[in-house]
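Asker: Dropping the structure in here first, questions after.
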Amino acid sequence: MSFITTVFEQKNLYYFLLTMISVLILLLFFVLFWHFYKKRHYIEALNKVFIVKAMNYWIIYISIILFIILLNASAMAMLTPDVTSPSGPSMDSVIVSASKPLVVEFDRPISKSISYEITPELEGNWRVENSLILKNSKLVFTPDVTPDLDTRYTVSLKNVKNHLGSKKREYLFSFQTPKAPEVIETSILDGAINVMPDAKIIIRTDPIIDNSANLYFEIVPQTELDVTKSGNEYTIRAKDRFVKSTSYNLKVLRNLVRFSYKLNKAINETEKLEIFSTNFRTIDAPGVKSTSPSGSGVLVDSNIVVEFNQPMDRQSVEESFSVDPSVSGMYSWDGDSKLVFDPENVLTKNSRYSVRISKDAKASDGSNIEEEIGFEFVTIGYVQVSIFYPTSGAKEVSKSTKISITFNQDVDHSSAESRFSISPTVNGSFSWSGNTLIFNHDQLADYQSYTLKIEAGVKTVHGLDSKEAFSGSFTTQIPKYQLNVSAFRQAHMYTCMSSAARSAMAYKGVSLGEDAISSRIGYDSTPWSGTWNEGGAVWGDPDVGIVGDINGKADNIGWGYGSHWNPVANAIRSFGLGAEVKSGWSVSGIASEIAAGNPVIIWWVNGVWPAYEVDWKTPGGKSVRGVNSMHVQVVKGFTGTVDNPQSFVVTDSGYGYPGRSYDVGTFKAKWSWFGNTAIVVR
């Protein structure tokens with residue numbers, strides 16, 4: 001048993017030895033039979049005995065042959081089959097489809113009891129094909145649907161054995177499906193330019209296996225495409241030609257398909273995925289690169305020049321060229337892309353000309369321009385002022401700004417200078433920069449309106465003399481004066497006069513605390529009694545000191561009020577500074593003091609609380625006029641002139657603002673409640 005097993009395992013040696021033995025046996029019996037036949041007489045050969053003997057020999061001979069055949073067949077049926085194809089456990093990219101099934105080949109017949117499995121799962125049919133001559137066999141898998149692309153499938157075979165044998169084997173191998181198709185080549189590279197309108201775009205891709213994927217083509221700007229396919233090559237054209245001078249973006253999109261061979265249709269599709277994109281620009285349409293002349297003020301002896309963006313057909317361009325009003329002239333060319341039209345006579349001054357080139361003009365490649373070309377120009381006419389500087393209506397112009405007037409053409413300098421005027425009169429001199437007259441003046445006045453004028457009759461160099469006057473006006477800057485007065489927020493509700501005095505005195509070099517100044521101002525601690533507006537109210541004297549509670553509490557002395565100007569002026573003088581009280585004063589007076597470097601303390605209403613008069617009497621019977629919402633602040637700056645101030649800047653001791661601006665009208669209204677009273681601190 002061990003010897004037979006060893007021989008069967010050495011299959012090639014067994015086949016060789018078995019064949020040799022069979023051949024030797026056949027040859028031996030054939031020689032013996034031939035020898036027997038030759039040694040007998042012919043007549044004896046006819047003897048029935050001989051015939052019987054001969055037939056016995058033939059029976060023996062045939063039996064031996066059948067025995068040898070049966071021996072070989074039994075051996076083959078007992079040996080375990082081996083896989084002859086595929087030759088390895090893993091295969092490269094393999095196409096498996098209804099027309100190209102997966103085939104596993106064995107070196108001998110196999111039992112149909114074999115089991116098989118393919119992962120990932122793939123629907124299909126397995127069948128065993130055994131050879132009639134008992135030599136080899138095949139296991140064939142035919143899928144029902146297209147396998148997934150770019151996927152490795154694993155095939156597992158179990159219970160692999162011969163018909164008569166009992167020994168089983170297992171086989172495991174895998175195969176890779178082709179990858180999803182990609183674009184591998186295109187006839188137009190990304191960024192290509194000068195693509196012809198009738199160009200065909202060729203795109204080559206990986207092969208698409210059995211409807212396993214679809215390709216789509218999209219283009220922007222949207223254009224109807226004509227797509228033809230030959231193998232894995234796609235030819236794309238625009239049905240109505242691509243538009244010239246246009247940038248395009250062509251995209252290739254792909255979706256994967258699960259195709260049923262039984263139903264002969266797709267049963268599942270993925271979303272479209274962009275796999276390729278290319279940009280190109282078509283050749284520019286024949287058009288204009290530049291034209292001249294343009295605008296206005298064109299000299300009457302100018303040529304008309306049209307430069308194209310590509311070589312042109314000269315004859316078609318000249319035939320398409322026209323000027324309105326009609327002008328006769330000669331054509332010349334600078335190369336094949338620049339047309340020069342030289343008018344026979346000078347053009348008419350102060351006239352508008354229109355130049356047209358119709359769509360009949362062609363490029364040298366035979367393509368027409370896609371849009372009519374047109375431009376206009378105006379010949380030189382009357383002298384005019386193009387620009388006043390400063391511009392008319394300008395405000396806040398610096399006093400040192402140079403004045404200039406620009407004309408629309410070359411003019412006679414002396415003629416223009418003689419027709420220039422400025423009001424009010426300012427001394428100065430003239431200079432020129434091209435067509436611009438510059439007036440170099442002495443410094444202009446503050447906050448002054450000036451009017452510039454050019455009278456008619458300015459002589460031209462090439463055009464027509466001016467026949468109208470031109471004027472413009474501007475206003476110089478408003479002067480600004482401001483002292484560097486610090487703002488201190490008052491420490492108590494009713495000590496704004498002390499805080500204002502503190503700011504003014506600090507500017508003059510005397511720095512004190514608010515309470516120290518309040519002590520010098522003094523207090524009238526007379527308590528309030530009586531009723532407002534009934535003539536019986538009694539309170540302290542604000543011309544003597546601070547009246548009421550500085551924190552505004554309604555206790556023994558009643559509400560807070562403060563003091564008027566005289567106690568404050570006395571306190572400032574006590575610290576060695578000058579303090580002059582002004583009543584019935586003017587805003588120009590304040591401006592003059594600030595310009596002289598002196599801060600001014602004013603009494604006015606705060607604009608927060610309602611302003612109204614209140615009256616009471618002192619214990620001595622003196623009548624007092626007070627104002628609800630009294631507030632005291634320091635004026636530290638103004639805009640405008642001393643004689644005509646436009647606004648004032650004040651510190652705000654109530655909130656500690658360093659400066660708040662009030663126009664002169666608002667300032668007067670608030671200040672008038674206290675008879676325009678102030679203290680000048682010197």
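Chain labels follow the order of the structure tokens: the first chain is A, the next B, and so on; residue numbering restarts at 1 in every chain, and ligands are counted from 1 in their shown order.
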Can you list, as a PyMOL selection string, every protein, DNA or RNA residue that comes within 12 Å of stretch 456-469 of chain A when you count only C-alpha atoms, leaving out same-chain residues fewer than 5 positions away?

Answerer: chain A and resi 296-301+347-351+378-385+407-421+435

Asker: Please list as a PyMOL selection string every residue within 12 Å of stretch 650-663 of chain A, counting only C-alpha atoms and excluding residues in the same chain fewer than 3 positions away.

Answerer: chain A and resi 480+482-504+514+587+590+594+599-608+629-640+644-647+666-671

Asker: Between A:Thr80, A:Asn309, A:Ser187, A:Thr391, which has the minimum distance to A:Gly287 (counting only C-alpha atoms)?

Answerer: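 Residue with the minimum atom-to-atom distance to A:Gly287: A:Asn309.
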
Asker: Go through stretch 294-381 of chain A and collect every residue that DSSP, computed from the backbone, puts in alpha helix (DSSP H); the answer should be as a list of chain:residue names.

Answerer: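 These are the residues in question: A:Arg314, A:Gln315, A:Ser316, A:Val317, A:Glu318, A:Glu319, A:Ser320.
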
Asker: Identify, on the basis of only C-alpha atoms, every residue whose closest approach to A:Glu376 does not exceed 7 Å; exclude the query and any residue fewer than 6 positions from it along the same chain; express the result as a list in words.

Answerer: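 In the requested form, the answer reads Ser294, Tyr353, Ser354 and Val355 of chain A.
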
Asker: Looking at only C-alpha atoms, which of A:His163, A:Lys200, A:Arg573, A:Lys262 is the one that sits closest to A:Lys239?

Answerer: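 Distance minimum relative to A:Lys239 lands on A:Lys200.
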
Asker: How many Å lie between atom CA of A:Asp148 and atom CA of A:Glu271, rounded to one decimal?

Answerer: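 Calculated distance between atom CA of A:Asp148 and atom CA of A:Glu271 is 15.1 Å.
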
Asker: Could you name the residues that touch A:Val510 at 10 Å or less, counting only C-alpha atoms, but leaving out those on the same chain fewer than 3 positions away, as a list in words?

Answerer: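 Counting only C-alpha atoms, the residues come to Arg502, Ser503, Ala504, Met505, Ala506, Tyr507, Ile572, Phe575, Gly576 and Leu577 of chain A.
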
Asker: Generate a file of the selected residues that holds C-alpha atoms, formatted as a PDB file, in the first residue's frame.

Answerer:
```pdb
ATOM      1  CA  ARG A 502      -9.125 124.685  38.330  1.00  0.00           C
ATOM      2  CA  SER A 503      -8.737 124.037  34.549  1.00  0.00           C
ATOM      3  CA  ALA A 504      -8.122 127.716  33.689  1.00  0.00           C
ATOM      4  CA  MET A 505      -5.664 128.221  36.558  1.00  0.00           C
ATOM      5  CA  ALA A 506      -3.751 125.011  35.670  1.00  0.00           C
ATOM      6  CA  TYR A 507      -3.289 126.329  32.121  1.00  0.00           C
ATOM      7  CA  ILE A 572      -8.525 133.195  41.382  1.00  0.00           C
ATOM      8  CA  PHE A 575      -3.872 132.654  44.125  1.00  0.00           C
ATOM      9  CA  GLY A 576      -1.922 135.370  42.292  1.00  0.00           C
ATOM     10  CA  LEU A 577      -3.575 135.270  38.868  1.00  0.00           C
TER      11      LEU A 577
END
```

Asker: Run DSSP on the backbone and grab whatever in stretch 330-473 of chain A lands in strand (DSSP E); send it over as number ranges by chain.

Answerer: A: 330-334, 338-343, 352-357, 373-379, 385-389, 394-397, 403-407, 420-423, 428-433, 436-441, 449-454, 470-473
